[in-house]
$ cat query.tsv   # TSV, C-alpha atoms and all ligand atoms
chain	number	residue	atom	x	y	z
A	1	MET	CA	-21.83	-190.70	-0.96
A	2	SER	CA	-25.48	-189.83	-0.86
A	3	ASN	CA	-26.47	-187.20	1.67
A	4	PRO	CA	-25.41	-183.52	1.43
A	5	GLU	CA	-23.19	-183.72	4.51
A	6	GLN	CA	-21.23	-186.58	2.97
A	7	LEU	CA	-20.90	-184.69	-0.30
A	8	ILE	CA	-19.42	-181.71	1.56
A	9	LYS	CA	-17.01	-184.06	3.37
A	10	LYS	CA	-15.95	-185.61	0.05
A	11	GLU	CA	-15.33	-182.11	-1.37
A	12	ASN	CA	-13.24	-181.22	1.67
A	13	THR	CA	-11.25	-184.42	1.33
A	14	LEU	CA	-10.42	-183.67	-2.25
A	15	ASN	CA	-9.34	-180.15	-1.39
A	16	PRO	CA	-5.76	-180.19	-0.07
A	17	ASP	CA	-6.36	-176.81	1.62
A	18	ASN	CA	-8.49	-178.67	4.15
A	19	TRP	CA	-5.95	-181.36	5.00
A	20	LEU	CA	-4.20	-181.27	8.34
A	21	LYS	CA	-0.41	-181.01	8.36
A	22	GLU	CA	0.04	-183.74	10.96
A	23	VAL	CA	-1.82	-185.82	13.50
A	24	ARG	CA	-0.92	-188.18	16.35
A	25	VAL	CA	-3.35	-190.99	17.18
A	26	PHE	CA	-3.60	-193.68	19.87
A	27	ALA	CA	-5.53	-196.91	19.30
A	28	PRO	CA	-6.10	-199.49	22.02
A	29	ALA	CA	-5.23	-203.13	22.53
A	30	THR	CA	-8.15	-205.54	22.54
A	31	VAL	CA	-9.22	-208.81	24.09
A	32	ALA	CA	-10.64	-210.74	21.14
A	33	ASN	CA	-13.01	-213.71	21.52
A	34	MET	CA	-14.04	-212.67	25.06
A	35	ILE	CA	-13.23	-216.31	25.88
A	36	CYS	CA	-16.40	-217.93	24.46
A	37	GLY	CA	-16.97	-215.96	21.24
A	38	PHE	CA	-14.27	-217.07	18.80
A	39	ASP	CA	-13.98	-214.50	15.99
A	40	ILE	CA	-17.23	-212.73	16.98
A	41	LEU	CA	-16.71	-210.98	20.34
A	42	GLY	CA	-14.07	-208.58	21.64
A	43	PHE	CA	-13.48	-205.54	23.79
A	44	ALA	CA	-11.05	-202.65	23.85
A	45	VAL	CA	-8.89	-201.82	26.88
A	46	GLU	CA	-7.53	-198.50	28.13
A	47	LYS	CA	-3.93	-199.65	27.96
A	48	PRO	CA	-1.71	-200.74	26.35
A	49	GLY	CA	-2.12	-199.45	22.79
A	50	ASP	CA	-0.18	-198.19	19.79
A	51	GLU	CA	0.54	-194.73	18.50
A	52	VAL	CA	0.82	-193.41	14.96
A	53	PHE	CA	2.28	-190.02	14.08
A	54	MET	CA	1.36	-189.07	10.53
A	55	GLN	CA	2.75	-186.08	8.69
A	56	GLN	CA	1.87	-184.65	5.32
A	57	VAL	CA	4.95	-184.18	3.11
A	58	GLU	CA	5.65	-182.77	-0.36
A	59	GLU	CA	6.70	-186.04	-2.00
A	60	VAL	CA	3.64	-188.01	-3.09
A	61	GLY	CA	3.26	-191.54	-1.69
A	62	VAL	CA	2.98	-193.32	1.67
A	63	ARG	CA	6.14	-194.13	3.59
A	64	ILE	CA	7.00	-195.61	6.98
A	65	ARG	CA	9.62	-193.25	8.42
A	66	SER	CA	10.26	-195.14	11.65
A	67	ILE	CA	8.99	-197.90	13.88
A	68	LYS	CA	9.79	-197.93	17.60
A	69	GLY	CA	9.15	-200.72	20.08
A	70	ASP	CA	9.08	-203.65	17.63
A	71	ASP	CA	12.69	-204.87	18.03
A	72	GLY	CA	13.07	-204.55	14.27
A	73	ARG	CA	10.39	-207.19	13.57
A	74	LEU	CA	7.96	-205.18	11.46
A	75	PRO	CA	8.51	-204.36	7.78
A	76	LEU	CA	9.28	-200.82	6.65
A	77	ASP	CA	8.21	-201.64	3.09
A	78	PRO	CA	4.98	-199.60	2.65
A	79	ASP	CA	3.28	-202.47	0.79
A	80	LYS	CA	4.07	-205.01	3.50
A	81	ASN	CA	3.55	-202.96	6.64
A	82	THR	CA	-0.14	-203.21	7.54
A	83	VAL	CA	-0.38	-199.56	8.62
A	84	SER	CA	0.97	-198.07	5.38
A	85	ALA	CA	-0.69	-200.73	3.20
A	86	CYS	CA	-4.09	-199.87	4.69
A	87	VAL	CA	-3.46	-196.13	4.38
A	88	LYS	CA	-2.60	-196.68	0.70
A	89	MET	CA	-5.78	-198.71	0.25
A	90	LEU	CA	-7.87	-195.90	1.72
A	91	LEU	CA	-6.21	-193.21	-0.42
A	92	ASN	CA	-6.75	-195.40	-3.44
A	93	HIS	CA	-10.43	-195.81	-2.54
A	94	LEU	CA	-10.77	-192.02	-2.31
A	95	GLY	CA	-8.92	-191.59	-5.60
A	96	ILE	CA	-6.21	-189.35	-4.14
A	97	GLU	CA	-3.23	-191.72	-3.88
A	98	ASN	CA	-1.33	-189.63	-6.45
A	99	GLU	CA	-2.15	-186.33	-4.81
A	100	ILE	CA	-0.86	-186.65	-1.27
A	101	GLY	CA	2.38	-187.59	0.47
A	102	VAL	CA	2.37	-188.94	4.03
A	103	GLU	CA	5.11	-190.20	6.31
A	104	ILE	CA	4.33	-192.41	9.26
A	105	ASP	CA	6.07	-192.99	12.58
A	106	LEU	CA	4.70	-196.07	14.35
A	107	ILE	CA	5.28	-196.33	18.08
A	108	LYS	CA	4.43	-199.74	19.49
A	109	HIS	CA	3.63	-199.81	23.16
A	110	MET	CA	2.73	-203.47	23.28
A	111	PRO	CA	4.33	-206.76	22.41
A	112	ILE	CA	3.84	-208.36	19.00
A	113	GLY	CA	2.29	-211.84	18.92
A	114	SER	CA	0.91	-211.38	22.42
A	115	GLY	CA	-2.82	-211.96	21.85
A	116	LEU	CA	-3.65	-208.33	22.56
A	117	GLY	CA	-4.44	-207.25	19.02
A	118	SER	CA	-1.09	-205.62	18.40
A	119	SER	CA	-1.39	-205.41	14.60
A	120	SER	CA	-5.02	-204.28	14.88
A	121	ALA	CA	-4.15	-201.41	17.19
A	122	SER	CA	-1.50	-200.19	14.73
A	123	THR	CA	-3.78	-200.57	11.70
A	124	VAL	CA	-6.68	-198.82	13.40
A	125	ALA	CA	-4.40	-195.99	14.57
A	126	GLY	CA	-3.10	-195.55	11.01
A	127	LEU	CA	-6.53	-195.53	9.38
A	128	PHE	CA	-8.00	-193.24	12.04
A	129	ALA	CA	-5.03	-190.91	11.53
A	130	ILE	CA	-5.29	-190.67	7.72
A	131	ASN	CA	-9.06	-190.17	8.00
A	132	ALA	CA	-8.53	-187.34	10.52
A	133	LEU	CA	-5.79	-185.81	8.37
A	134	LEU	CA	-8.24	-185.68	5.43
A	135	GLY	CA	-11.04	-184.12	7.49
A	136	ASN	CA	-12.86	-187.37	8.35
A	137	PRO	CA	-14.38	-188.26	4.98
A	138	LEU	CA	-15.33	-191.74	6.22
A	139	THR	CA	-17.40	-192.81	9.21
A	140	LYS	CA	-16.05	-195.50	11.56
A	141	ASN	CA	-18.34	-198.03	9.87
A	142	GLU	CA	-16.90	-197.09	6.50
A	143	LEU	CA	-13.34	-197.45	7.83
A	144	MET	CA	-14.03	-200.96	9.14
A	145	PRO	CA	-13.51	-202.96	5.90
A	146	PHE	CA	-10.05	-201.36	5.54
A	147	CYS	CA	-9.22	-202.41	9.09
A	148	VAL	CA	-10.29	-205.98	8.32
A	149	GLU	CA	-8.03	-206.00	5.26
A	150	GLY	CA	-5.16	-204.95	7.54
A	151	GLU	CA	-5.86	-207.97	9.76
A	152	ARG	CA	-5.87	-210.22	6.70
A	153	LEU	CA	-2.49	-208.85	5.69
A	154	ALA	CA	-1.09	-209.27	9.21
A	155	CYS	CA	-2.15	-212.86	9.88
A	156	GLY	CA	-3.68	-214.29	6.74
A	157	HIS	CA	-7.29	-214.13	7.93
A	158	GLY	CA	-9.72	-211.21	7.96
A	159	HIS	CA	-11.39	-211.65	11.34
A	160	ALA	CA	-12.79	-208.47	12.87
A	161	ASP	CA	-12.93	-209.23	16.59
A	162	ASN	CA	-9.80	-207.16	17.31
A	163	VAL	CA	-10.24	-204.33	14.84
A	164	ALA	CA	-13.94	-203.79	15.59
A	165	PRO	CA	-13.51	-202.98	19.30
A	166	ALA	CA	-10.20	-201.16	18.61
A	167	LEU	CA	-12.03	-198.84	16.20
A	168	MET	CA	-15.49	-198.63	17.81
A	169	GLY	CA	-14.42	-198.88	21.45
A	170	GLY	CA	-16.38	-200.86	24.05
A	171	ILE	CA	-17.57	-204.43	23.52
A	172	THR	CA	-18.45	-205.46	19.99
A	173	LEU	CA	-20.25	-208.43	18.48
A	174	ILE	CA	-19.60	-209.42	14.88
A	175	ARG	CA	-23.12	-210.66	14.12
A	176	GLY	CA	-22.06	-211.60	10.59
A	177	TYR	CA	-19.12	-211.32	8.22
A	178	GLU	CA	-20.89	-211.33	4.85
A	179	PRO	CA	-21.82	-208.57	4.96
A	180	LEU	CA	-19.94	-207.27	7.97
A	181	ASP	CA	-22.51	-206.57	10.70
A	182	ILE	CA	-21.05	-205.13	13.89
A	183	ILE	CA	-23.15	-204.57	17.00
A	184	SER	CA	-21.97	-202.60	20.04
A	185	LEU	CA	-22.94	-204.28	23.31
A	186	PRO	CA	-23.45	-202.63	26.71
A	187	VAL	CA	-20.48	-202.46	29.08
A	188	PRO	CA	-21.26	-203.25	32.75
A	189	GLU	CA	-19.64	-200.55	34.86
A	190	ASP	CA	-17.47	-202.79	37.05
A	191	LEU	CA	-16.18	-205.13	34.37
A	192	VAL	CA	-12.39	-205.12	34.54
A	193	ALA	CA	-9.82	-207.19	32.65
A	194	GLY	CA	-6.72	-208.44	34.44
A	195	ILE	CA	-4.34	-209.39	31.66
A	196	VAL	CA	-1.08	-211.31	31.97
A	197	PHE	CA	1.27	-211.76	29.04
A	198	PRO	CA	3.66	-214.68	29.64
A	199	GLN	CA	6.60	-213.73	27.47
A	200	VAL	CA	6.47	-216.41	24.85
A	201	ASP	CA	5.62	-215.66	21.23
A	202	VAL	CA	2.44	-217.18	19.73
A	203	PRO	CA	1.78	-215.78	16.25
A	204	THR	CA	-1.96	-215.64	15.43
A	205	ARG	CA	-1.28	-217.35	12.10
A	206	ASP	CA	0.14	-220.42	13.94
A	207	ALA	CA	-2.50	-220.40	16.67
A	208	ARG	CA	-5.24	-220.45	14.00
A	209	GLN	CA	-3.69	-223.37	12.13
A	210	LEU	CA	-4.05	-225.56	15.22
A	211	ILE	CA	-7.80	-225.22	15.45
A	212	LYS	CA	-10.07	-228.05	14.36
A	213	GLU	CA	-12.28	-227.18	11.36
A	214	LYS	CA	-15.17	-229.34	12.60
A	215	VAL	CA	-16.79	-229.35	16.03
A	216	SER	CA	-19.32	-231.67	17.61
A	217	LEU	CA	-22.94	-230.58	17.89
A	218	LYS	CA	-22.77	-231.10	21.66
A	219	ASP	CA	-19.85	-228.68	21.95
A	220	ALA	CA	-21.51	-226.20	19.59
A	221	VAL	CA	-24.69	-226.22	21.71
A	222	ASN	CA	-22.60	-225.64	24.81
A	223	GLN	CA	-20.72	-222.77	23.19
A	224	TRP	CA	-23.68	-220.90	21.71
A	225	GLY	CA	-25.48	-221.21	25.05
A	226	ASN	CA	-22.48	-219.50	26.63
A	227	ILE	CA	-22.35	-216.74	24.00
A	228	ALA	CA	-26.06	-216.00	24.39
A	229	GLY	CA	-25.67	-216.10	28.18
A	230	LEU	CA	-22.79	-213.64	28.03
A	231	VAL	CA	-24.75	-211.20	25.87
A	232	ALA	CA	-27.73	-211.44	28.24
A	233	GLY	CA	-25.37	-210.94	31.19
A	234	LEU	CA	-23.92	-207.79	29.62
A	235	TYR	CA	-27.41	-206.35	29.04
A	236	ARG	CA	-28.40	-207.08	32.64
A	237	SER	CA	-25.04	-206.23	34.25
A	238	ASP	CA	-25.39	-209.67	35.80
A	239	TYR	CA	-21.81	-210.54	36.79
A	240	ASP	CA	-22.61	-214.11	37.85
A	241	LEU	CA	-24.22	-214.84	34.50
A	242	ILE	CA	-21.27	-213.20	32.71
A	243	GLY	CA	-18.83	-215.35	34.69
A	244	ARG	CA	-20.60	-218.64	34.18
A	245	SER	CA	-21.05	-217.93	30.46
A	246	MET	CA	-17.42	-217.13	29.71
A	247	HIS	CA	-16.21	-220.67	29.03
A	248	ASP	CA	-14.71	-221.93	25.83
A	249	VAL	CA	-15.10	-225.61	25.02
A	250	LEU	CA	-14.12	-225.26	21.36
A	251	ILE	CA	-10.81	-223.46	21.06
A	252	GLU	CA	-9.22	-223.27	24.53
A	253	PRO	CA	-8.49	-227.01	24.90
A	254	THR	CA	-6.38	-226.88	21.72
A	255	ARG	CA	-4.64	-223.56	22.24
A	256	ALA	CA	-3.97	-223.97	25.96
A	257	ILE	CA	-1.03	-226.25	25.13
A	258	LEU	CA	0.81	-223.26	23.62
A	259	ILE	CA	0.56	-221.33	26.88
A	260	PRO	CA	2.83	-222.26	29.77
A	261	GLU	CA	1.04	-222.98	33.06
A	262	PHE	CA	-2.37	-222.23	31.51
A	263	TYR	CA	-4.50	-224.46	33.75
A	264	GLU	CA	-2.56	-223.51	36.85
A	265	MET	CA	-3.07	-219.82	36.01
A	266	LYS	CA	-6.77	-220.53	35.58
A	267	ARG	CA	-7.00	-222.22	38.96
A	268	ILE	CA	-5.16	-219.32	40.62
A	269	ALA	CA	-7.35	-216.67	38.96
A	270	MET	CA	-10.60	-218.39	39.92
A	271	GLU	CA	-9.37	-218.92	43.48
A	272	ALA	CA	-8.50	-215.21	43.64
A	273	GLY	CA	-12.12	-214.40	42.81
A	274	ALA	CA	-12.13	-213.80	39.04
A	275	LEU	CA	-15.49	-214.17	37.30
A	276	SER	CA	-13.83	-216.07	34.52
A	277	PHE	CA	-10.44	-216.80	33.01
A	278	GLY	CA	-9.29	-217.67	29.52
A	279	ILE	CA	-7.08	-216.88	26.54
A	280	SER	CA	-6.97	-213.32	25.20
A	281	GLY	CA	-7.33	-213.53	21.41
A	282	SER	CA	-5.03	-216.23	20.11
A	283	GLY	CA	-2.78	-216.01	23.19
A	284	PRO	CA	-0.40	-216.35	24.90
A	285	SER	CA	-1.90	-213.48	26.95
A	286	VAL	CA	-4.55	-214.63	29.36
A	287	VAL	CA	-7.36	-212.64	30.89
A	288	ALA	CA	-9.01	-212.78	34.29
A	289	ILE	CA	-12.40	-211.13	33.82
A	290	SER	CA	-13.22	-209.58	37.17
A	291	LYS	CA	-15.73	-207.45	39.00
A	292	GLY	CA	-13.79	-204.34	39.96
A	293	ALA	CA	-10.14	-203.36	39.61
A	294	GLU	CA	-9.14	-204.74	43.02
A	295	ALA	CA	-10.23	-208.27	42.15
A	296	ALA	CA	-8.51	-208.07	38.74
A	297	GLN	CA	-5.29	-206.79	40.34
A	298	LEU	CA	-5.29	-209.60	42.91
A	299	ALA	CA	-5.74	-212.23	40.19
A	300	VAL	CA	-2.93	-210.89	37.99
A	301	ASN	CA	-0.56	-210.45	40.94
A	302	ARG	CA	-1.03	-214.07	41.99
A	303	ILE	CA	-0.67	-215.32	38.44
A	304	GLN	CA	2.52	-213.33	37.99
A	305	GLU	CA	3.94	-214.64	41.27
A	306	HIS	CA	3.32	-218.16	40.02
A	307	LEU	CA	4.95	-217.49	36.64
A	308	THR	CA	7.97	-215.85	38.25
A	309	ALA	CA	8.38	-218.82	40.59
A	310	ASN	CA	8.43	-221.01	37.49
A	311	GLY	CA	11.02	-218.89	35.70
A	312	ILE	CA	8.58	-217.35	33.20
A	313	GLU	CA	8.79	-213.60	32.65
A	314	SER	CA	5.51	-211.80	32.20
A	315	LEU	CA	3.83	-208.41	31.89
A	316	GLN	CA	0.52	-207.44	33.43
A	317	PHE	CA	-2.17	-204.89	32.54
A	318	VAL	CA	-5.31	-204.13	34.53
A	319	SER	CA	-7.91	-202.19	32.62
A	320	ALA	CA	-11.58	-201.33	32.47
A	321	VAL	CA	-13.25	-201.57	29.08
A	322	ASN	CA	-12.28	-198.63	26.87
A	323	ALA	CA	-15.52	-197.12	25.58
A	324	GLU	CA	-13.90	-194.62	23.23
A	325	GLY	CA	-11.52	-196.58	21.01
A	326	PRO	CA	-8.94	-194.54	19.08
A	327	LYS	CA	-8.23	-190.96	20.04
A	328	ILE	CA	-6.33	-188.01	18.66
A	329	LEU	CA	-3.43	-187.13	20.95
A	330	SER	CA	-2.36	-183.99	19.08
A	401	LIG	N1	-10.35	-214.44	16.89
A	401	LIG	C1	-8.95	-214.42	16.62
A	401	LIG	C2	-8.35	-215.76	17.01
A	401	LIG	C3	-8.33	-213.32	17.41
A	401	LIG	O1	-8.67	-216.25	18.10
A	401	LIG	O2	-7.58	-216.32	16.23
A	401	LIG	C4	-6.83	-213.24	17.28
A	401	LIG	O3	-6.44	-212.28	16.38
$ encode --input "query.tsv" --output "structure tokens"
Amino acid sequence: MSNPEQLIKKENTLNPDNWLKEVRVFAPATVANMICGFDILGFAVEKPGDEVFMQQVEEVGVRIRSIKGDDGRLPLDPDKNTVSACVKMLLNHLGIENEIGVEIDLIKHMPIGSGLGSSSASTVAGLFAINALLGNPLTKNELMPFCVEGERLACGHGHADNVAPALMGGITLIRGYEPLDIISLPVPEDLVAGIVFPQVDVPTRDARQLIKEKVSLKDAVNQWGNIAGLVAGLYRSDYDLIGRSMHDVLIEPTRAILIPEFYEMKRIAMEAGALSFGISGSGPSVVAISKGAEAAQLAVNRIQEHLTANGIESLQFVSAVNAEGPKILS
């Protein structure tokens, strides 16, 4: 806390008269990896996303009052639930954990274990909510390490490629992890994600355990060429360059086996005119990166028809990149 504005914010935070009574926050789903950038690239979408309703109460402590939309799969224990655990961490950091009581209702609007950053959206919504309730003592950059800890709690690894875009909005690059160095990248106007979630469960923890620790230099050269090409394509709004750069030779071949009909879905998406196609995060959701909503819609419709014909239930989402990230609903 160095500059005068931050000192005033800190004072406000420590003064309960300035705390809000309640706040409702939405935070978006994300497409981590952006196909070629394992653990370093990701973008936020407009929908789906999760909602947190946070209320200040008399009794000191952080409690989860209810969770909707999780089929009873998420813990209510405040030390195990990533939302409450991160809120506690933040209050502890501010030195006010024994001075405030909050109760949390978590409303999940997206499937767990889907590859859409479900736990990240909840964590980011919770941290954004407590920060707003306290009068925004921390900047988004300052909130980020708490979000990463939430991810570590959720899946055993503190990658930031879901939480960074969920919190910052837009497309983010994790230039480095030690220290965390997050760069926002430009968003070409017509970039649209057509997402299909085949309804099988692939926990991130399991999908990470499959990955090879070592890669060949040839594959690494291929992959970093693609990442650099994608970044250049985003700066130039060059959709062809974006499309031909979004290929993953490192992770996709291993993870594709967890996703039913993956290569057939890829063929269908590319035939329908997608710029590129790949796994969203750790899967099983897949993403057809497209130029314009019409092209994205066509790709997801055809993919869904194929899945249905093969007896696989699925959900679809078509969304532009969400520039804003979390927002206060009320
Ligand atoms: N980068 C992560 C992975 C995103 O692919 O495992 C999923 O949370």
$ residues_near_ligand --input "query.tsv" --ligand "ligand LIG 401 (chain A)" --cutoff "10 Å" --atoms "all atoms listed in the file" --output "number ranges by chain"
A: 30-35, 37-42, 113-120, 151-152, 154-155, 157-163, 203-211, 251-252, 255, 279-283
$ closest_residue --input "query.tsv" --among "A:Ala193, A:Val124, A:Val23, A:Cys36" --to "Asn222 of chain A" --atoms "only C-alpha atoms"
A:Cys36
$ residues_around --input "query.tsv" --residues "Arg244 of chain A" --least-positions-apart "3" --cutoff "9 Å" --atoms "only C-alpha atoms" --output "ChimeraX atom specification"
/A:226,229-230,239-241,247,275-276
$ residues_around --input "query.tsv" --residues "Val196 of chain A" --least-positions-apart "2" --cutoff "10 Å" --atoms "all atoms listed in the file" --output "VMD selection string"
chain A and resid 114 193 to 194 198 to 199 265 279 to 280 284 to 288 299 to 301 303 to 304 307 314 to 318
$ residues_around --input "query.tsv" --residues "segment 165-175 of chain A" --least-positions-apart "4" --cutoff "8 Å" --atoms "all atoms listed in the file" --output "NGL selection string"
:A and (27-30 or 39-44 or 120-121 or 124 or 140 or 144 or 160-161 or 180-187 or 321-326)
$ atom_distance --input "query.tsv" --atom1 "atom CA of Ser290 of chain A" --atom2 "atom CA of Ala220 of chain A"
25.6 Å
$ atom_distance --input "query.tsv" --atom1 "atom CA of Ser319 of chain A" --atom2 "atom CA of Arg267 of chain A"
21.0 Å
$ closest_residue --input "query.tsv" --among "A:Phe26, A:Glu58, A:Asn141, A:Asp79" --to "Ile107 of chain A" --atoms "all atoms listed in the file"
A:Phe26
$ build_atoms --input "query.tsv" --residues "segment 38-47 of chain A" --atoms "all heavy atoms" --output "PDB file, in the frame of the given file"
ATOM      1  N   PHE A  38     -15.351-217.027  19.798  1.00  0.00           N
ATOM      2  CA  PHE A  38     -14.270-217.070  18.800  1.00  0.00           C
ATOM      3  C   PHE A  38     -14.655-216.304  17.533  1.00  0.00           C
ATOM      4  O   PHE A  38     -15.677-216.604  16.906  1.00  0.00           O
ATOM      5  CB  PHE A  38     -13.952-218.529  18.455  1.00  0.00           C
ATOM      6  CG  PHE A  38     -12.881-218.690  17.413  1.00  0.00           C
ATOM      7  CD1 PHE A  38     -11.564-218.378  17.694  1.00  0.00           C
ATOM      8  CD2 PHE A  38     -13.200-219.153  16.139  1.00  0.00           C
ATOM      9  CE1 PHE A  38     -10.570-218.529  16.731  1.00  0.00           C
ATOM     10  CE2 PHE A  38     -12.205-219.303  15.168  1.00  0.00           C
ATOM     11  CZ  PHE A  38     -10.898-218.984  15.468  1.00  0.00           C
ATOM     12  N   ASP A  39     -13.839-215.320  17.213  1.00  0.00           N
ATOM     13  CA  ASP A  39     -13.980-214.500  15.990  1.00  0.00           C
ATOM     14  C   ASP A  39     -15.202-213.576  15.970  1.00  0.00           C
ATOM     15  O   ASP A  39     -15.430-212.892  14.966  1.00  0.00           O
ATOM     16  CB  ASP A  39     -14.003-215.369  14.707  1.00  0.00           C
ATOM     17  CG  ASP A  39     -12.599-215.755  14.238  1.00  0.00           C
ATOM     18  OD1 ASP A  39     -11.617-215.344  14.879  1.00  0.00           O
ATOM     19  OD2 ASP A  39     -12.498-216.449  13.211  1.00  0.00           O
ATOM     20  N   ILE A  40     -16.024-213.576  17.045  1.00  0.00           N
ATOM     21  CA  ILE A  40     -17.230-212.730  16.980  1.00  0.00           C
ATOM     22  C   ILE A  40     -17.377-211.746  18.144  1.00  0.00           C
ATOM     23  O   ILE A  40     -18.209-210.853  18.077  1.00  0.00           O
ATOM     24  CB  ILE A  40     -18.532-213.570  16.870  1.00  0.00           C
ATOM     25  CG1 ILE A  40     -18.739-214.454  18.109  1.00  0.00           C
ATOM     26  CG2 ILE A  40     -18.547-214.398  15.586  1.00  0.00           C
ATOM     27  CD1 ILE A  40     -20.163-214.917  18.262  1.00  0.00           C
ATOM     28  N   LEU A  41     -16.588-211.913  19.206  1.00  0.00           N
ATOM     29  CA  LEU A  41     -16.710-210.980  20.340  1.00  0.00           C
ATOM     30  C   LEU A  41     -15.344-210.393  20.679  1.00  0.00           C
ATOM     31  O   LEU A  41     -14.319-211.041  20.483  1.00  0.00           O
ATOM     32  CB  LEU A  41     -17.250-211.700  21.585  1.00  0.00           C
ATOM     33  CG  LEU A  41     -18.722-212.093  21.596  1.00  0.00           C
ATOM     34  CD1 LEU A  41     -19.004-213.018  22.776  1.00  0.00           C
ATOM     35  CD2 LEU A  41     -19.630-210.868  21.669  1.00  0.00           C
ATOM     36  N   GLY A  42     -15.340-209.177  21.195  1.00  0.00           N
ATOM     37  CA  GLY A  42     -14.070-208.580  21.640  1.00  0.00           C
ATOM     38  C   GLY A  42     -14.332-207.267  22.350  1.00  0.00           C
ATOM     39  O   GLY A  42     -15.406-206.676  22.208  1.00  0.00           O
ATOM     40  N   PHE A  43     -13.365-206.859  23.153  1.00  0.00           N
ATOM     41  CA  PHE A  43     -13.480-205.540  23.790  1.00  0.00           C
ATOM     42  C   PHE A  43     -12.151-204.813  23.774  1.00  0.00           C
ATOM     43  O   PHE A  43     -11.074-205.429  23.701  1.00  0.00           O
ATOM     44  CB  PHE A  43     -14.074-205.622  25.208  1.00  0.00           C
ATOM     45  CG  PHE A  43     -13.252-206.364  26.223  1.00  0.00           C
ATOM     46  CD1 PHE A  43     -12.244-205.734  26.940  1.00  0.00           C
ATOM     47  CD2 PHE A  43     -13.515-207.701  26.501  1.00  0.00           C
ATOM     48  CE1 PHE A  43     -11.505-206.413  27.899  1.00  0.00           C
ATOM     49  CE2 PHE A  43     -12.794-208.404  27.461  1.00  0.00           C
ATOM     50  CZ  PHE A  43     -11.779-207.750  28.155  1.00  0.00           C
ATOM     51  N   ALA A  44     -12.251-203.491  23.846  1.00  0.00           N
ATOM     52  CA  ALA A  44     -11.050-202.650  23.850  1.00  0.00           C
ATOM     53  C   ALA A  44     -10.657-202.359  25.298  1.00  0.00           C
ATOM     54  O   ALA A  44     -11.518-202.305  26.182  1.00  0.00           O
ATOM     55  CB  ALA A  44     -11.343-201.339  23.126  1.00  0.00           C
ATOM     56  N   VAL A  45      -9.360-202.177  25.527  1.00  0.00           N
ATOM     57  CA  VAL A  45      -8.890-201.820  26.880  1.00  0.00           C
ATOM     58  C   VAL A  45      -8.275-200.409  26.857  1.00  0.00           C
ATOM     59  O   VAL A  45      -8.012-199.851  25.796  1.00  0.00           O
ATOM     60  CB  VAL A  45      -7.866-202.849  27.424  1.00  0.00           C
ATOM     61  CG1 VAL A  45      -8.540-204.181  27.696  1.00  0.00           C
ATOM     62  CG2 VAL A  45      -6.699-203.039  26.470  1.00  0.00           C
ATOM     63  N   GLU A  46      -8.090-199.868  28.035  1.00  0.00           N
ATOM     64  CA  GLU A  46      -7.530-198.500  28.130  1.00  0.00           C
ATOM     65  C   GLU A  46      -6.045-198.504  27.781  1.00  0.00           C
ATOM     66  O   GLU A  46      -5.527-197.580  27.189  1.00  0.00           O
ATOM     67  CB  GLU A  46      -7.675-197.961  29.564  1.00  0.00           C
ATOM     68  CG  GLU A  46      -9.100-197.942  30.111  1.00  0.00           C
ATOM     69  CD  GLU A  46      -9.907-196.777  29.579  1.00  0.00           C
ATOM     70  OE1 GLU A  46      -9.363-195.959  28.822  1.00  0.00           O
ATOM     71  OE2 GLU A  46     -11.106-196.724  29.906  1.00  0.00           O
ATOM     72  N   LYS A  47      -5.359-199.541  28.221  1.00  0.00           N
ATOM     73  CA  LYS A  47      -3.930-199.650  27.960  1.00  0.00           C
ATOM     74  C   LYS A  47      -3.566-201.126  27.923  1.00  0.00           C
ATOM     75  O   LYS A  47      -4.263-201.923  28.569  1.00  0.00           O
ATOM     76  CB  LYS A  47      -3.115-198.952  29.059  1.00  0.00           C
ATOM     77  CG  LYS A  47      -3.394-199.553  30.417  1.00  0.00           C
ATOM     78  CD  LYS A  47      -2.703-198.920  31.544  1.00  0.00           C
ATOM     79  CE  LYS A  47      -3.172-199.661  32.779  1.00  0.00           C
ATOM     80  NZ  LYS A  47      -2.851-199.323  34.006  1.00  0.00           N
TER      81      LYS A  47
END
